[in-house]
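Here's my_file_29.csv, which has CSV, C-alpha atoms:
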chain,number,residue,atom,x,y,z
A,933,MET,CA,201.2,-165.2,125.5
A,934,ASN,CA,205.0,-165.3,125.2
A,935,ALA,CA,206.6,-162.2,126.6
A,936,GLU,CA,209.0,-162.1,123.7
A,937,SER,CA,206.5,-162.1,120.9
A,938,GLY,CA,206.1,-158.3,121.0
A,939,GLY,CA,203.5,-155.7,121.5
A,940,THR,CA,202.3,-155.7,118.0
A,941,GLN,CA,201.1,-159.2,118.3
A,942,LEU,CA,199.3,-158.6,121.6
A,943,LEU,CA,197.6,-155.7,120.0
A,944,LEU,CA,196.6,-157.8,117.1
A,945,LEU,CA,195.1,-160.5,119.3
A,946,LEU,CA,193.2,-157.8,121.3
A,947,LEU,CA,191.9,-156.3,118.1
A,948,LEU,CA,190.8,-159.7,116.8
A,949,ALA,CA,189.2,-160.6,120.1
A,950,ARG,CA,187.2,-157.4,120.1
A,951,LYS,CA,185.9,-158.1,116.6
A,952,GLY,CA,184.9,-161.6,117.7
A,953,GLU,CA,187.4,-163.1,115.3
A,954,VAL,CA,189.4,-165.0,117.8
A,955,PRO,CA,191.6,-167.3,115.9
A,956,THR,CA,190.3,-170.9,115.9
A,957,MET,CA,193.8,-172.1,116.5
A,958,SER,CA,194.5,-171.7,120.2
A,959,GLU,CA,196.3,-168.6,121.4
A,960,ALA,CA,199.1,-170.8,122.7
A,961,ILE,CA,199.9,-172.3,119.3
A,962,MET,CA,199.7,-168.9,117.7
A,963,SER,CA,202.0,-167.1,120.1
A,964,SER,CA,204.6,-169.9,119.7
A,965,GLN,CA,204.2,-169.9,116.0
A,966,MET,CA,204.2,-166.2,115.1
A,967,GLU,CA,207.7,-165.8,116.2
A,968,THR,CA,210.8,-165.1,114.3
A,969,ALA,CA,214.5,-164.2,114.8
A,970,PRO,CA,214.5,-160.9,116.9
A,971,PHE,CA,216.4,-157.7,116.0
A,972,ASP,CA,220.0,-158.2,116.9
A,973,PRO,CA,221.9,-155.1,117.9
A,974,ARG,CA,225.1,-156.6,116.5
A,975,PHE,CA,223.6,-156.4,113.0
A,976,PRO,CA,221.7,-153.1,112.9
A,977,ASN,CA,222.1,-152.6,109.2
A,978,GLN,CA,220.3,-153.6,106.0
A,979,ASN,CA,223.0,-156.2,105.4
A,980,GLN,CA,222.0,-159.2,107.4
A,981,THR,CA,224.4,-161.7,105.9
A,982,LYS,CA,226.5,-161.9,109.0
A,983,TYR,CA,223.5,-162.4,111.2
A,984,CYS,CA,222.7,-165.6,109.3
A,985,TYR,CA,226.3,-166.8,109.1
A,986,GLN,CA,227.2,-166.1,112.8
A,987,SER,CA,224.1,-167.8,114.0
A,988,TYR,CA,224.9,-170.9,112.0
A,989,VAL,CA,228.5,-171.0,113.3
A,990,ASP,CA,227.3,-170.3,116.9
A,991,PHE,CA,224.8,-173.2,116.7
A,992,HIS,CA,227.5,-175.7,115.7
A,993,ARG,CA,230.0,-174.3,118.3
A,994,CYS,CA,227.3,-174.5,121.0
A,995,GLN,CA,226.5,-178.1,120.1
A,996,LYS,CA,230.2,-179.0,120.0
A,997,LEU,CA,230.7,-177.4,123.4
A,998,LYS,CA,227.5,-178.5,125.2
A,999,GLY,CA,226.5,-181.6,123.4
A,1000,GLU,CA,223.6,-182.1,121.0
A,1001,GLU,CA,221.0,-182.5,123.7
A,1002,TYR,CA,221.6,-179.0,125.1
A,1003,GLU,CA,218.3,-177.2,124.6
A,1004,PRO,CA,219.5,-173.5,124.6
A,1005,CYS,CA,221.6,-174.2,121.4
A,1006,GLN,CA,218.3,-174.5,119.6
A,1007,TYR,CA,217.9,-170.7,119.8
A,1008,PHE,CA,220.7,-170.2,117.2
A,1009,LYS,CA,219.1,-172.9,115.0
A,1010,LYS,CA,215.8,-171.0,115.1
A,1011,VAL,CA,217.6,-167.8,114.1
A,1012,PHE,CA,219.6,-169.1,111.2
A,1013,ARG,CA,216.6,-171.2,110.0
A,1014,SER,CA,214.6,-168.0,109.9
A,1015,VAL,CA,217.2,-165.8,108.3
A,1016,CYS,CA,219.4,-168.0,106.1
A,1017,PRO,CA,218.2,-169.1,102.6
A,1018,ASN,CA,217.7,-172.9,102.7
A,1019,ALA,CA,220.2,-173.3,99.9
A,1020,TRP,CA,222.9,-171.7,102.0
A,1021,VAL,CA,222.2,-173.9,104.9
A,1022,GLU,CA,222.3,-177.0,102.7
A,1023,LYS,CA,225.6,-175.9,101.2
A,1024,TRP,CA,227.2,-175.3,104.6
A,1025,ASP,CA,225.9,-178.6,106.0
A,1026,GLU,CA,227.6,-180.3,103.1
A,1027,GLN,CA,230.8,-178.4,103.7
A,1028,LEU,CA,230.7,-179.3,107.4
A,1029,GLU,CA,230.4,-183.0,106.5
A,1030,ASN,CA,233.3,-182.8,104.1
A,1031,GLY,CA,235.4,-180.8,106.5
A,1032,SER,CA,235.7,-177.9,104.1
A,1033,PHE,CA,233.6,-175.3,106.1
A,1034,PRO,CA,235.7,-172.1,106.3
A,1035,SER,CA,235.1,-171.3,110.0
A,1036,LYS,CA,236.5,-173.0,113.0
A,1037,ILE,CA,233.6,-174.8,114.8
B,45,MET,CA,198.2,-151.6,91.5
B,46,ALA,CA,199.0,-149.1,88.8
B,47,THR,CA,196.8,-149.1,85.7
B,48,TRP,CA,197.0,-147.5,82.3
B,49,THR,CA,198.1,-143.8,82.3
B,50,TYR,CA,198.3,-143.9,86.1
B,51,LEU,CA,201.2,-141.5,86.8
B,52,GLY,CA,201.0,-140.9,90.5
B,53,PHE,CA,201.9,-143.1,93.4
B,54,GLN,CA,199.7,-146.2,94.0
B,55,ASP,CA,197.4,-146.1,97.0
B,56,SER,CA,199.6,-146.9,100.0
B,57,ALA,CA,199.0,-150.1,101.9
B,58,SER,CA,201.5,-149.5,104.7
B,59,PRO,CA,202.2,-146.6,107.1
B,60,LEU,CA,205.7,-146.0,105.7
B,61,MET,CA,204.4,-145.7,102.2
B,62,GLU,CA,201.9,-143.2,103.5
B,63,GLN,CA,204.8,-141.2,105.0
B,64,LEU,CA,206.7,-141.4,101.7
B,65,ILE,CA,203.7,-139.9,99.9
B,66,PHE,CA,203.3,-137.1,102.4
B,67,PHE,CA,207.0,-136.4,102.0
B,68,HIS,CA,206.6,-136.3,98.2
B,69,ASP,CA,203.7,-133.9,98.5
B,70,HIS,CA,205.7,-131.7,100.9
B,71,ILE,CA,208.5,-131.4,98.5
B,72,MET,CA,206.2,-130.7,95.6
B,73,VAL,CA,204.8,-127.7,97.5
B,74,VAL,CA,208.3,-126.3,97.9
B,75,LEU,CA,209.2,-127.0,94.3
B,76,ILE,CA,206.1,-125.4,92.8
B,77,MET,CA,206.6,-122.3,95.0
B,78,ILE,CA,210.2,-121.9,93.8
B,79,ILE,CA,209.3,-122.5,90.1
B,80,THR,CA,206.5,-120.0,90.3
B,81,PHE,CA,208.7,-117.4,91.9
B,82,VAL,CA,211.6,-117.9,89.6
B,83,GLY,CA,209.3,-118.0,86.5
B,84,TYR,CA,207.6,-114.8,87.6
B,85,MET,CA,211.0,-113.0,88.2
B,86,MET,CA,212.3,-114.1,84.8
B,87,ALA,CA,209.2,-113.0,83.0
B,88,SER,CA,209.1,-109.7,84.7
B,89,ILE,CA,212.8,-108.9,84.2
B,90,LEU,CA,212.6,-109.9,80.5
B,91,THR,CA,209.5,-107.9,79.8
B,92,ASN,CA,210.4,-104.5,81.4
B,93,SER,CA,213.0,-101.9,80.3
B,94,PHE,CA,214.3,-100.7,83.7
B,95,ILE,CA,218.1,-100.3,83.9
B,96,ASN,CA,220.4,-99.3,86.7
B,97,ARG,CA,223.7,-98.1,85.1
B,98,TYR,CA,225.4,-97.6,88.5
B,99,MET,CA,224.7,-100.8,90.3
B,100,LEU,CA,227.8,-102.9,90.8
B,101,GLU,CA,226.9,-104.9,93.9
B,102,HIS,CA,224.1,-105.3,96.3
B,103,GLN,CA,225.0,-107.0,99.6
B,104,THR,CA,221.5,-107.3,101.0
B,105,ILE,CA,220.0,-109.2,98.0
B,106,GLU,CA,223.1,-111.4,97.9
B,107,LEU,CA,222.6,-112.3,101.6
B,108,ILE,CA,219.0,-113.1,101.0
B,109,TRP,CA,219.5,-115.4,98.0
B,110,THR,CA,222.2,-117.3,99.8
B,111,ALA,CA,220.5,-117.8,103.1
B,112,LEU,CA,217.0,-118.5,101.9
B,113,PRO,CA,217.9,-121.6,99.8
B,114,ALA,CA,219.9,-122.9,102.7
B,115,VAL,CA,216.9,-122.6,105.0
B,116,ILE,CA,214.6,-124.2,102.4
B,117,LEU,CA,217.1,-127.1,102.0
B,118,VAL,CA,216.9,-127.7,105.8
B,119,PHE,CA,213.2,-128.0,105.6
B,120,ILE,CA,213.6,-130.7,102.9
B,121,ALA,CA,216.6,-132.5,104.5
B,122,LEU,CA,215.2,-133.0,108.0
B,123,PRO,CA,212.0,-134.8,107.0
B,124,SER,CA,214.0,-136.8,104.5
B,125,LEU,CA,216.4,-138.0,107.1
B,126,ARG,CA,213.6,-138.8,109.5
B,127,LEU,CA,212.0,-141.0,106.8
B,128,LEU,CA,215.4,-142.6,105.9
B,129,TYR,CA,215.9,-143.8,109.4
B,130,LEU,CA,212.3,-144.9,109.9
B,131,LEU,CA,212.6,-147.1,106.8
B,132,ASP,CA,215.7,-148.7,108.2
B,133,GLU,CA,214.0,-149.6,111.4
B,134,VAL,CA,213.0,-153.2,112.1
B,135,ASN,CA,210.3,-153.2,114.7
B,136,ASN,CA,210.1,-156.6,116.4
B,137,PRO,CA,209.0,-158.6,113.3
B,138,SER,CA,206.7,-161.6,113.8
B,139,VAL,CA,207.3,-163.2,110.5
B,140,THR,CA,210.4,-163.5,108.3
B,141,LEU,CA,209.9,-163.9,104.6
B,142,LYS,CA,213.0,-165.0,102.6
B,143,THR,CA,212.8,-164.1,98.9
B,144,VAL,CA,215.4,-165.3,96.4
B,145,GLY,CA,215.6,-163.9,92.9
B,146,HIS,CA,216.4,-166.3,90.1
B,147,GLN,CA,216.6,-166.0,86.3
B,148,TRP,CA,213.6,-165.5,85.9
B,149,TYR,CA,211.3,-166.0,88.8
B,150,TRP,CA,211.1,-165.4,92.5
B,151,SER,CA,211.2,-168.1,95.1
B,152,TYR,CA,210.0,-167.7,98.6
B,153,GLU,CA,210.8,-169.4,101.9
B,154,TYR,CA,209.0,-169.2,105.2
B,155,SER,CA,210.8,-171.2,107.9
B,156,ASP,CA,209.9,-169.5,111.2
B,157,PHE,CA,207.4,-172.2,112.3
B,158,LEU,CA,206.2,-174.4,109.5
B,159,ASP,CA,208.4,-174.9,106.5
B,160,ALA,CA,207.0,-173.5,103.3
B,161,GLU,CA,209.1,-173.0,100.1
B,162,PHE,CA,207.8,-172.3,96.6
B,163,ASP,CA,208.6,-170.7,93.3
B,164,SER,CA,206.5,-167.9,91.9
B,165,TYR,CA,206.3,-167.7,88.1
B,166,MET,CA,204.3,-165.2,86.0
B,167,THR,CA,201.1,-166.6,84.5
B,168,PRO,CA,201.6,-166.6,80.7
B,169,THR,CA,199.1,-164.5,78.8
B,170,ASN,CA,197.5,-167.5,77.0
B,171,GLU,CA,196.8,-169.2,80.4
B,172,LEU,CA,195.5,-166.1,82.0
B,173,GLU,CA,191.9,-165.9,83.2
B,174,SER,CA,189.9,-163.0,81.8
B,175,SER,CA,190.0,-161.4,85.3
B,176,GLY,CA,193.8,-161.7,85.5
B,177,PHE,CA,196.3,-159.0,85.0
B,178,ARG,CA,198.6,-159.6,82.1
B,179,LEU,CA,202.3,-159.7,83.0
B,180,LEU,CA,201.5,-159.1,86.7
B,181,ASP,CA,199.7,-162.2,87.9
B,182,VAL,CA,201.7,-165.2,89.3
B,183,ASP,CA,200.9,-168.9,89.9
B,184,ASN,CA,201.9,-168.8,93.6
B,185,ARG,CA,201.2,-165.6,95.5
B,186,THR,CA,203.2,-164.6,98.5
B,187,VAL,CA,200.6,-164.7,101.3
B,188,LEU,CA,201.4,-162.6,104.4
B,189,PRO,CA,199.4,-161.5,107.5
B,190,MET,CA,198.2,-157.9,107.7
B,191,ASN,CA,198.7,-155.7,110.8
B,192,THR,CA,201.9,-157.6,111.5
B,193,GLN,CA,205.5,-156.5,111.3
B,194,ILE,CA,207.1,-158.5,108.5
B,195,ARG,CA,210.8,-158.8,107.8
B,196,VAL,CA,211.9,-159.6,104.3
B,197,VAL,CA,215.3,-161.0,103.7
B,198,ILE,CA,216.1,-160.5,100.1
B,199,THR,CA,218.9,-162.3,98.1
B,200,ALA,CA,219.5,-163.8,94.7
B,201,ALA,CA,220.9,-167.0,93.3
B,202,ASP,CA,222.4,-165.9,90.0
B,203,VAL,CA,222.5,-162.2,89.0
B,204,ILE,CA,221.3,-159.0,90.7
B,205,HIS,CA,217.5,-158.6,90.9
B,206,SER,CA,215.4,-156.2,92.9
B,207,TRP,CA,212.3,-157.0,95.0
B,208,THR,CA,209.8,-154.2,94.8
B,209,VAL,CA,206.3,-153.6,95.9
B,210,PRO,CA,205.4,-149.9,95.4
B,211,ALA,CA,202.2,-150.0,97.5
B,212,LEU,CA,204.1,-151.2,100.5
B,213,GLY,CA,207.1,-148.8,100.0
B,214,VAL,CA,209.5,-151.7,99.7
B,215,LYS,CA,212.4,-151.9,97.3
B,216,ALA,CA,215.7,-153.7,97.9
B,217,ASP,CA,218.3,-155.2,95.6
B,218,ALA,CA,218.6,-158.9,95.6
B,219,ILE,CA,222.4,-159.6,95.5
B,220,PRO,CA,224.0,-163.1,95.3
B,221,GLY,CA,225.8,-163.9,98.5
B,222,ARG,CA,224.3,-161.0,100.5
B,223,LEU,CA,221.1,-160.8,102.6
B,224,ASN,CA,219.3,-157.5,102.4
B,225,GLN,CA,216.7,-156.8,105.0
B,226,SER,CA,213.7,-154.7,104.7
B,227,SER,CA,210.5,-154.5,106.7
B,228,PHE,CA,206.9,-153.4,106.4
B,229,MET,CA,203.5,-153.7,107.9
B,230,MET,CA,200.4,-154.0,105.7
B,231,SER,CA,197.5,-152.0,107.0
B,232,ARG,CA,194.8,-153.5,104.9
B,233,PRO,CA,194.0,-156.7,103.1
B,234,GLY,CA,194.5,-156.9,99.3
B,235,LEU,CA,196.7,-157.9,96.5
B,236,PHE,CA,199.8,-155.8,96.0
B,237,TYR,CA,201.7,-156.0,92.8
B,238,GLY,CA,205.4,-155.4,92.0
B,239,GLN,CA,208.0,-156.2,89.4
B,240,CYS,CA,211.7,-156.9,89.4
B,241,SER,CA,213.5,-153.6,89.3
B,242,GLU,CA,217.0,-154.4,88.3
B,243,ILE,CA,217.7,-155.4,84.8
B,244,CYS,CA,218.5,-159.1,85.2
B,245,GLY,CA,218.4,-160.6,81.7
B,246,ALA,CA,216.0,-161.5,78.9
B,247,ASN,CA,213.0,-162.1,81.0
B,248,HIS,CA,213.5,-159.3,83.5
B,249,SER,CA,210.0,-157.9,82.6
B,250,PHE,CA,208.4,-161.3,83.2
B,251,MET,CA,209.1,-162.0,86.9
B,252,PRO,CA,206.4,-160.1,88.8
B,253,ILE,CA,205.7,-160.1,92.5
B,254,VAL,CA,202.2,-160.5,94.1
B,255,VAL,CA,201.8,-160.1,97.8
B,256,GLU,CA,198.5,-161.2,99.2
B,257,SER,CA,197.6,-159.5,102.4
B,258,VAL,CA,195.2,-161.6,104.6
B,259,ASN,CA,194.3,-161.8,108.3
B,260,THR,CA,196.4,-163.8,110.7
B,261,ASN,CA,194.1,-166.7,110.9
B,262,SER,CA,193.9,-167.1,107.1
B,263,PHE,CA,197.7,-166.8,106.9
B,264,LEU,CA,198.1,-169.6,109.5
B,265,ASN,CA,195.6,-171.8,107.6
B,266,TRP,CA,197.4,-171.2,104.4
B,267,ILE,CA,200.8,-171.9,105.7
B,268,SER,CA,199.7,-175.1,107.5
B,269,SER,CA,198.1,-176.3,104.3
B,270,TYR,CA,201.3,-175.4,102.4
B,271,SER,CA,203.7,-177.3,104.6
B,272,ASP,CA,201.8,-180.5,104.5

Translate this file's structure into structure tokens.
Amino acid sequence: MNAESGGTQLLLLLLLARKGEVPTMSEAIMSSQMETAPFDPRFPNQNQTKYCYQSYVDFHRCQKLKGEEYEPCQYFKKVFRSVCPNAWVEKWDEQLENGSFPSKI
Amino acid sequence: MATWTYLGFQDSASPLMEQLIFFHDHIMVVLIMIITFVGYMMASILTNSFINRYMLEHQTIELIWTALPAVILVFIALPSLRLLYLLDEVNNPSVTLKTVGHQWYWSYEYSDFLDAEFDSYMTPTNELESSGFRLLDVDNRTVLPMNTQIRVVITAADVIHSWTVPALGVKADAIPGRLNQSSFMMSRPGLFYGQCSEICGANHSFMPIVVESVNTNSFLNWISSYSD
């Protein structure tokens, strides 16, 4: 069980285990799968637009700084993939390619 | 779901909706007491012939009918604020569902682990099975795990829509260029119906929402079959 995956999930697994409905997929797969972008105290409001945008920018800045192989950058990718609509990401990727992305990477 | 002549709330399927219903009932008690009292006073004053020619002011009664409403308002405001902040809370979500409003359908994206992306159109009446619900059933339901904290990120691609599921106590506007977050936890399995709640054009009435609440295992099976 991943420590980050939260108490709710642990509780859920315990409940399932007690009922004898232990998921056929292994617990390891499940805990790694049932994970999403965590609550970010910089964005405590209903409006999450900046959470998405900032994570996208951070990912590309991180890659530029540390190289594409640097594993910790993937965290930002995970966050913006979870929070940003796919259409937005596609649009920004295109802008990055054309050099018309509004932020400094 | 709501059926014909059903005027109350739908049965709640999430703890927060349960709290909202309790809050509604609490306010109704206060409201009915006030209406009964005021109605009784009006009736009794209109139907008797007592007069007091010398009364110009009465400090005591003035004090009471100023202070008492203030106290009553506090008893309404505090639970209301509690609920407001509870609804805003995001408790460690395990799944993020992205929902995008279009003219005139909803599209959904799950991209936490396996990628799933699909559009959800209303089933037209002539294609509806006899067990289906007219104007409410869709071709692709939004499957989500129960007993799990879910974050919904709501946005729109063209005009303003509003993503609403009354049984879950969720309603948030879908605004182009903005991501609105809402969260819920479904406490039982079932189908929860909702409709677009912001006038968005000609087919505003024909873009319903169906959330299918299943156990985690079924959800994982569904999403793995979807992303193939």

At most 10 Å to chain A: residues in chain B, all atoms listed in the file, as a PyMOL selection string: chain B and resi 132-144+152-159+161+190-201+216+221-227+259-262+264-265

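Atom pair atom CA of A:Glu1000 / atom CA of A:Phe975 has a distance of 26.9 Å (rounded to one decimal).
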
Point-to-point distance from atom CA of B:Leu127 to atom CA of B:Cys244, Å rounded to tenths: 28.9 Å

Point-to-point distance in Å for atom CA of B:Phe228 and atom CA of B:Val214: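 Computed distance, atom CA of B:Val214 to atom CA of B:Phe228, equals 7.4 Å.
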
Excluding B:Ala46 and its own-chain neighbours fewer than 6 positions away, which residues fall within 10 Å of it when counting all atoms listed in the file? Please give them as a PDB file with C-alpha atoms, keeping the file's coordinate frame.
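Written output follows (result11.pdb):
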ATOM      1  CA  GLY B  52     201.000-140.900  90.500  1.00  0.00           C
ATOM      2  CA  PHE B  53     201.900-143.100  93.400  1.00  0.00           C
ATOM      3  CA  GLN B  54     199.700-146.200  94.000  1.00  0.00           C
ATOM      4  CA  ASP B  55     197.400-146.100  97.000  1.00  0.00           C
ATOM      5  CA  PRO B 210     205.400-149.900  95.400  1.00  0.00           C
ATOM      6  CA  ALA B 211     202.200-150.000  97.500  1.00  0.00           C
ATOM      7  CA  PHE B 236     199.800-155.800  96.000  1.00  0.00           C
ATOM      8  CA  TYR B 237     201.700-156.000  92.800  1.00  0.00           C
ATOM      9  CA  GLY B 238     205.400-155.400  92.000  1.00  0.00           C
TER      10      GLY B 238
END

Minimum-distance residue to B:Arg232, chosen among B:Ile65, B:Leu75, B:Val258, B:Leu112 (using only C-alpha atoms):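 Closest residue, counting only C-alpha atoms: B:Val258.
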
Selection near A:Tyr988, 8 Å with only C-alpha atoms, sequence-local residues under 3 positions removed, as a PyMOL selection string: chain A and resi 984-985+991-992+1008-1009+1012

Exercise: B:His248 partners within 10 Å, all atoms listed in the file, chain neighbours under 5 positions left out, as number ranges by chain: B: 147-149, 205, 239-243

Name all residues at most 12 Å from B:Ile71 (count only C-alpha atoms; drop same-chain ones fewer than 6 positions away) and give them as a compact mmCIF listing (two decimals) with C-alpha atoms, keeping the file's coordinate frame.
# COMPACT_ATOMS: atom_id res chain seq x y z
CA LEU B 64 206.70 -141.40 101.70
CA ILE B 65 203.70 -139.90 99.90
CA MET B 77 206.60 -122.30 95.00
CA ILE B 78 210.20 -121.90 93.80
CA ILE B 116 214.60 -124.20 102.40
CA LEU B 117 217.10 -127.10 102.00
CA VAL B 118 216.90 -127.70 105.80
CA PHE B 119 213.20 -128.00 105.60
CA ILE B 120 213.60 -130.70 102.90
CA ALA B 121 216.60 -132.50 104.50
CA LEU B 122 215.20 -133.00 108.00
CA PRO B 123 212.00 -134.80 107.00
CA SER B 124 214.00 -136.80 104.50

Counting all atoms listed in the file, the option among A:Glu1003, A:Arg974, A:Leu997, A:Val1021 closest to A:Phe1033: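 So, comparing all the options, the nearest one is A:Val1021.
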
Export of stretch 195-220 of chain B: N, CA and C atoms, as a CSV table (one decimal), in the first residue's frame:
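After the write, out-v6.csv holds the following:
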chain,number,residue,atom,x,y,z
B,195,ARG,N,-13.0,13.4,-7.2
B,195,ARG,CA,-13.0,14.8,-7.6
B,195,ARG,C,-13.5,15.0,-9.0
B,196,VAL,N,-14.4,15.9,-9.2
B,196,VAL,CA,-14.9,16.2,-10.6
B,196,VAL,C,-14.3,17.5,-10.9
B,197,VAL,N,-13.7,17.6,-12.1
B,197,VAL,CA,-13.2,18.8,-12.6
B,197,VAL,C,-14.1,19.2,-13.8
B,198,ILE,N,-14.8,20.3,-13.7
B,198,ILE,CA,-15.9,20.6,-14.6
B,198,ILE,C,-15.5,21.8,-15.5
B,199,THR,N,-15.7,21.6,-16.8
B,199,THR,CA,-15.4,22.8,-17.7
B,199,THR,C,-16.3,22.6,-18.9
B,200,ALA,N,-16.3,23.6,-19.8
B,200,ALA,CA,-17.1,23.5,-21.0
B,200,ALA,C,-16.2,23.9,-22.2
B,201,ALA,N,-16.7,23.5,-23.4
B,201,ALA,CA,-15.9,23.8,-24.6
B,201,ALA,C,-16.5,24.9,-25.4
B,202,ASP,N,-17.8,25.2,-25.2
B,202,ASP,CA,-18.4,26.3,-26.0
B,202,ASP,C,-19.1,27.4,-25.2
B,203,VAL,N,-20.3,27.0,-24.6
B,203,VAL,CA,-21.0,28.0,-23.8
B,203,VAL,C,-21.1,27.4,-22.4
B,204,ILE,N,-21.7,28.2,-21.5
B,204,ILE,CA,-21.8,27.7,-20.1
B,204,ILE,C,-22.8,26.6,-20.0
B,205,HIS,N,-22.4,25.5,-19.3
B,205,HIS,CA,-23.4,24.5,-19.0
B,205,HIS,C,-23.3,24.3,-17.4
B,206,SER,N,-24.0,23.4,-16.9
B,206,SER,CA,-23.9,23.1,-15.5
B,206,SER,C,-24.1,21.6,-15.2
B,207,TRP,N,-23.1,21.0,-14.5
B,207,TRP,CA,-23.1,19.6,-14.3
B,207,TRP,C,-23.8,19.3,-12.9
B,208,THR,N,-24.9,18.6,-12.9
B,208,THR,CA,-25.7,18.5,-11.7
B,208,THR,C,-26.1,17.0,-11.5
B,209,VAL,N,-25.9,16.5,-10.3
B,209,VAL,CA,-26.5,15.3,-9.9
B,209,VAL,C,-27.1,15.4,-8.5
B,210,PRO,N,-28.5,15.6,-8.5
B,210,PRO,CA,-29.1,16.0,-7.2
B,210,PRO,C,-28.9,14.9,-6.1
B,211,ALA,N,-28.9,13.6,-6.5
B,211,ALA,CA,-28.8,12.6,-5.4
B,211,ALA,C,-27.4,12.7,-4.8
B,212,LEU,N,-26.4,13.2,-5.4
B,212,LEU,CA,-25.1,13.3,-4.9
B,212,LEU,C,-24.8,14.7,-4.3
B,213,GLY,N,-25.7,15.6,-4.4
B,213,GLY,CA,-25.5,16.9,-3.9
B,213,GLY,C,-24.4,17.7,-4.7
B,214,VAL,N,-24.3,17.5,-6.0
B,214,VAL,CA,-23.3,18.1,-6.8
B,214,VAL,C,-24.0,19.0,-7.8
B,215,LYS,N,-23.5,20.2,-7.9
B,215,LYS,CA,-23.9,21.1,-9.0
B,215,LYS,C,-22.8,22.2,-9.2
B,216,ALA,N,-22.3,22.2,-10.3
B,216,ALA,CA,-21.2,23.2,-10.6
B,216,ALA,C,-21.3,23.7,-12.0
B,217,ASP,N,-21.2,25.0,-12.2
B,217,ASP,CA,-21.2,25.5,-13.6
B,217,ASP,C,-20.0,25.0,-14.4
B,218,ALA,N,-20.2,24.7,-15.7
B,218,ALA,CA,-19.2,24.4,-16.6
B,218,ALA,C,-18.9,25.6,-17.4
B,219,ILE,N,-17.7,26.2,-17.2
B,219,ILE,CA,-17.4,27.5,-17.9
B,219,ILE,C,-16.2,27.3,-18.8
B,220,PRO,N,-16.3,27.8,-20.0
B,220,PRO,CA,-15.2,27.6,-20.9
B,220,PRO,C,-14.0,28.4,-20.4
